[in-house]
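Novice: Would you mind keeping the following structure in view while I ask a few things?
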Amino acid sequence: MDANVFVPSDRLKIKYYLWVWITFVVFILPFVLLGFASGLGWGFVAFFLFANAIWIVIAHLLIAPYYRSISYELGEEDIIVRKGIITKTETMVPYRMVTNVSVKRGPMDRLLGMGTLEVHTAGYSQQAKAEADLPGRWSMRWCGSV
């Protein structure tokens, strides 16, 4: 791999797996209480959990290939972000258009010691979304700050 091509930390994969389980525990598991409701019973709960197990298995199967698809290239004149399994996305941001960068770190990012580098450009200055997101590697120390 080229010296200017970077991949996210393995901790990004851990973050994605954790989000699948957090989503299950917070939004799906409470429906187990419907087993106590008259008329629904435990058969409904078993079917409901089995149906949701399908998306959990699919998510777990897709996380590793998606993670492997992510790369960041710091070229001579631009930053190139590549990602995607089915729909492959390649975002190129010329350095001359970059107005600012920021590191976004949520609670799970801080726990795992990483963050997302957001690259903003003049063309996207009125939007809340960054032109390019580089998840999974960045900390303030890495970017040269405290």
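Ordering of the structure tokens sets the chain letters (A, B, ...); residue numbers start at 1 within each chain; ligands are numbered from 1 in the order shown.
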From a DSSP pass on the backbone, collect the residues of region 2-141 of chain A flagged as alpha helix (DSSP H) and hand them back as a ChimeraX atom specification.
Specialist: /A:10-23,41-69,107-112
Novice: Please identify all polymer residues within 12 Å of Lys129 (chain A), counting only C-alpha atoms, omitting same-chain residues fewer than 6 positions from it, and present them as a ChimeraX atom specification.
Specialist: /A:101-102,104,118-121,123
Novice: Extract, using only C-alpha atoms, all DNA, RNA and protein residues at most 7 Å from Ile80 (chain A), discarding same-chain residues fewer than 6 positions from it, and format them as a PDB file with C-alpha atoms, in the first residue's frame.
Specialist:
```pdb
ATOM      1  CA  TYR A  72      -7.932   7.618   2.643  1.00  0.00           C
ATOM      2  CA  GLU A  73      -5.291   8.861   0.243  1.00  0.00           C
ATOM      3  CA  LEU A  74      -3.387  12.074   0.815  1.00  0.00           C
ATOM      4  CA  GLU A  90     -14.781   7.966  -4.190  1.00  0.00           C
ATOM      5  CA  THR A  91     -14.685  11.527  -2.873  1.00  0.00           C
ATOM      6  CA  MET A  92     -11.893  13.867  -3.943  1.00  0.00           C
ATOM      7  CA  VAL A  93     -11.365  17.134  -2.092  1.00  0.00           C
TER       8      VAL A  93
END
```
Novice: Considering only C-alpha atoms, can you say which of A:Asp109, A:Phe50, A:Ala64, A:Val81 comes closest to Ile28 (chain A)?
Specialist: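 Counting only C-alpha atoms, the residue closest to Ile28 (chain A) is A:Phe50.
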Novice: Enter the distance from CA of Gly75 (chain A) to CA of Asn4 (chain A), in Å, rounded to one decimal.
Specialist: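 Atom-to-atom, CA of Gly75 (chain A) and CA of Asn4 (chain A) are spaced 6.9 Å apart.
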Novice: Per DSSP on the backbone, what are the strand (DSSP E or B) residues of region 2-110 of chain A, as a list in words?
Specialist: Val5, Phe6, Ser71, Tyr72, Glu73, Leu74, Asp78, Ile79, Ile80, Val81, Arg82, Lys83, Thr89, Glu90, Thr91, Met92, Val93, Pro94, Val98, Thr99, Asn100, Val101, Ser102, Val103 and Lys104 of chain A
Novice: Restrict the selected residues to N, CA and C atoms and save them as an mmCIF file, in the first residue's frame.
Specialist:
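again37.cif written:
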```cif
data_model
loop_
_atom_site.group_PDB
_atom_site.id
_atom_site.type_symbol
_atom_site.label_atom_id
_atom_site.label_comp_id
_atom_site.auth_asym_id
_atom_site.auth_seq_id
_atom_site.Cartn_x
_atom_site.Cartn_y
_atom_site.Cartn_z
ATOM 1 N N VAL A 5 -1.481 6.380 1.670
ATOM 2 C CA VAL A 5 -2.808 5.785 1.780
ATOM 3 C C VAL A 5 -2.965 5.240 3.195
ATOM 4 N N PHE A 6 -4.050 5.633 3.830
ATOM 5 C CA PHE A 6 -4.321 5.228 5.209
ATOM 6 C C PHE A 6 -5.624 4.458 5.263
ATOM 7 N N SER A 71 -10.652 3.617 2.644
ATOM 8 C CA SER A 71 -9.256 4.065 2.592
ATOM 9 C C SER A 71 -9.220 5.566 2.344
ATOM 10 N N TYR A 72 -8.137 6.186 2.801
ATOM 11 C CA TYR A 72 -7.932 7.618 2.643
ATOM 12 C C TYR A 72 -6.574 7.821 1.988
ATOM 13 N N GLU A 73 -6.550 8.594 0.927
ATOM 14 C CA GLU A 73 -5.291 8.861 0.243
ATOM 15 C C GLU A 73 -5.003 10.353 0.292
ATOM 16 N N LEU A 74 -3.832 10.691 0.791
ATOM 17 C CA LEU A 74 -3.387 12.074 0.815
ATOM 18 C C LEU A 74 -2.491 12.271 -0.400
ATOM 19 N N ASP A 78 -4.894 16.612 -3.564
ATOM 20 C CA ASP A 78 -6.212 16.402 -2.978
ATOM 21 C C ASP A 78 -6.226 15.230 -2.010
ATOM 22 N N ILE A 79 -7.315 15.170 -1.259
ATOM 23 C CA ILE A 79 -7.602 14.052 -0.360
ATOM 24 C C ILE A 79 -8.617 13.184 -1.085
ATOM 25 N N ILE A 80 -8.379 11.882 -1.112
ATOM 26 C CA ILE A 80 -9.310 10.964 -1.764
ATOM 27 C C ILE A 80 -9.801 9.968 -0.720
ATOM 28 N N VAL A 81 -11.127 9.912 -0.561
ATOM 29 C CA VAL A 81 -11.752 8.986 0.385
ATOM 30 C C VAL A 81 -12.503 7.939 -0.432
ATOM 31 N N ARG A 82 -12.193 6.669 -0.190
ATOM 32 C CA ARG A 82 -12.864 5.567 -0.891
ATOM 33 C C ARG A 82 -13.569 4.682 0.125
ATOM 34 N N LYS A 83 -14.810 4.294 -0.202
ATOM 35 C CA LYS A 83 -15.539 3.365 0.656
ATOM 36 C C LYS A 83 -16.730 2.805 -0.091
ATOM 37 N N THR A 89 -17.956 4.519 -3.419
ATOM 38 C CA THR A 89 -17.899 5.974 -3.431
ATOM 39 C C THR A 89 -16.446 6.417 -3.377
ATOM 40 N N GLU A 90 -16.115 7.365 -4.211
ATOM 41 C CA GLU A 90 -14.781 7.966 -4.190
ATOM 42 C C GLU A 90 -14.967 9.477 -4.157
ATOM 43 N N THR A 91 -14.552 10.089 -3.050
ATOM 44 C CA THR A 91 -14.685 11.527 -2.873
ATOM 45 C C THR A 91 -13.307 12.163 -2.940
ATOM 46 N N MET A 92 -13.168 13.145 -3.821
ATOM 47 C CA MET A 92 -11.893 13.867 -3.943
ATOM 48 C C MET A 92 -12.107 15.307 -3.511
ATOM 49 N N VAL A 93 -11.288 15.762 -2.574
ATOM 50 C CA VAL A 93 -11.365 17.134 -2.092
ATOM 51 C C VAL A 93 -10.019 17.806 -2.340
ATOM 52 N N PRO A 94 -9.977 18.777 -3.255
ATOM 53 C CA PRO A 94 -8.714 19.481 -3.508
ATOM 54 C C PRO A 94 -8.300 20.284 -2.268
ATOM 55 N N VAL A 98 -10.160 23.397 0.715
ATOM 56 C CA VAL A 98 -10.397 23.128 2.141
ATOM 57 C C VAL A 98 -10.369 24.435 2.915
ATOM 58 N N THR A 99 -11.450 24.689 3.661
ATOM 59 C CA THR A 99 -11.515 25.890 4.496
ATOM 60 C C THR A 99 -11.206 25.573 5.951
ATOM 61 N N ASN A 100 -11.636 24.409 6.410
ATOM 62 C CA ASN A 100 -11.316 24.004 7.774
ATOM 63 C C ASN A 100 -11.524 22.501 7.936
ATOM 64 N N VAL A 101 -10.904 21.963 8.978
ATOM 65 C CA VAL A 101 -11.089 20.566 9.337
ATOM 66 C C VAL A 101 -11.466 20.506 10.810
ATOM 67 N N SER A 102 -12.193 19.482 11.181
ATOM 68 C CA SER A 102 -12.554 19.310 12.582
ATOM 69 C C SER A 102 -12.509 17.817 12.906
ATOM 70 N N VAL A 103 -12.306 17.524 14.168
ATOM 71 C CA VAL A 103 -12.332 16.142 14.637
ATOM 72 C C VAL A 103 -13.584 15.979 15.481
ATOM 73 N N LYS A 104 -14.433 15.053 15.087
ATOM 74 C CA LYS A 104 -15.681 14.776 15.796
ATOM 75 C C LYS A 104 -15.487 13.490 16.580
#
```
Novice: Using only C-alpha atoms, can you tell me which of A:Leu62, A:Ala122, A:Ile70, A:Met97 comes closest to Arg137 (chain A)?
Specialist: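 Counting only C-alpha atoms, the residue closest to Arg137 (chain A) is A:Ile70.
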Novice: Would you pick out the contacts of Phe24 (chain A) at 12 Å or less, using only C-alpha atoms, so that residues sharing its chain but fewer than 2 positions from it are not included, and give the list as a ChimeraX atom specification?
Specialist: /A:17-22,26-32,48-49,51-57,59
Novice: Report, in Å to a single decimal, how far apart CA of Pro8 (chain A) and CA of Leu111 (chain A) are.
Specialist: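 Between CA of Leu111 (chain A) and CA of Pro8 (chain A) the gap works out to 16.0 Å.
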Novice: If I take CA of Ile63 (chain A) and CA of Tyr16 (chain A), how far is one from the other in Å, to one decimal?
Specialist: 6.9 Å
Novice: Select, from A:Ser9, A:Arg105, A:Glu131, A:Leu40, the residue with the minimum atom-to-atom distance to Tyr67 (chain A), counting only C-alpha atoms.
Specialist: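 Closest to Tyr67 (chain A) of all the choices is A:Ser9.
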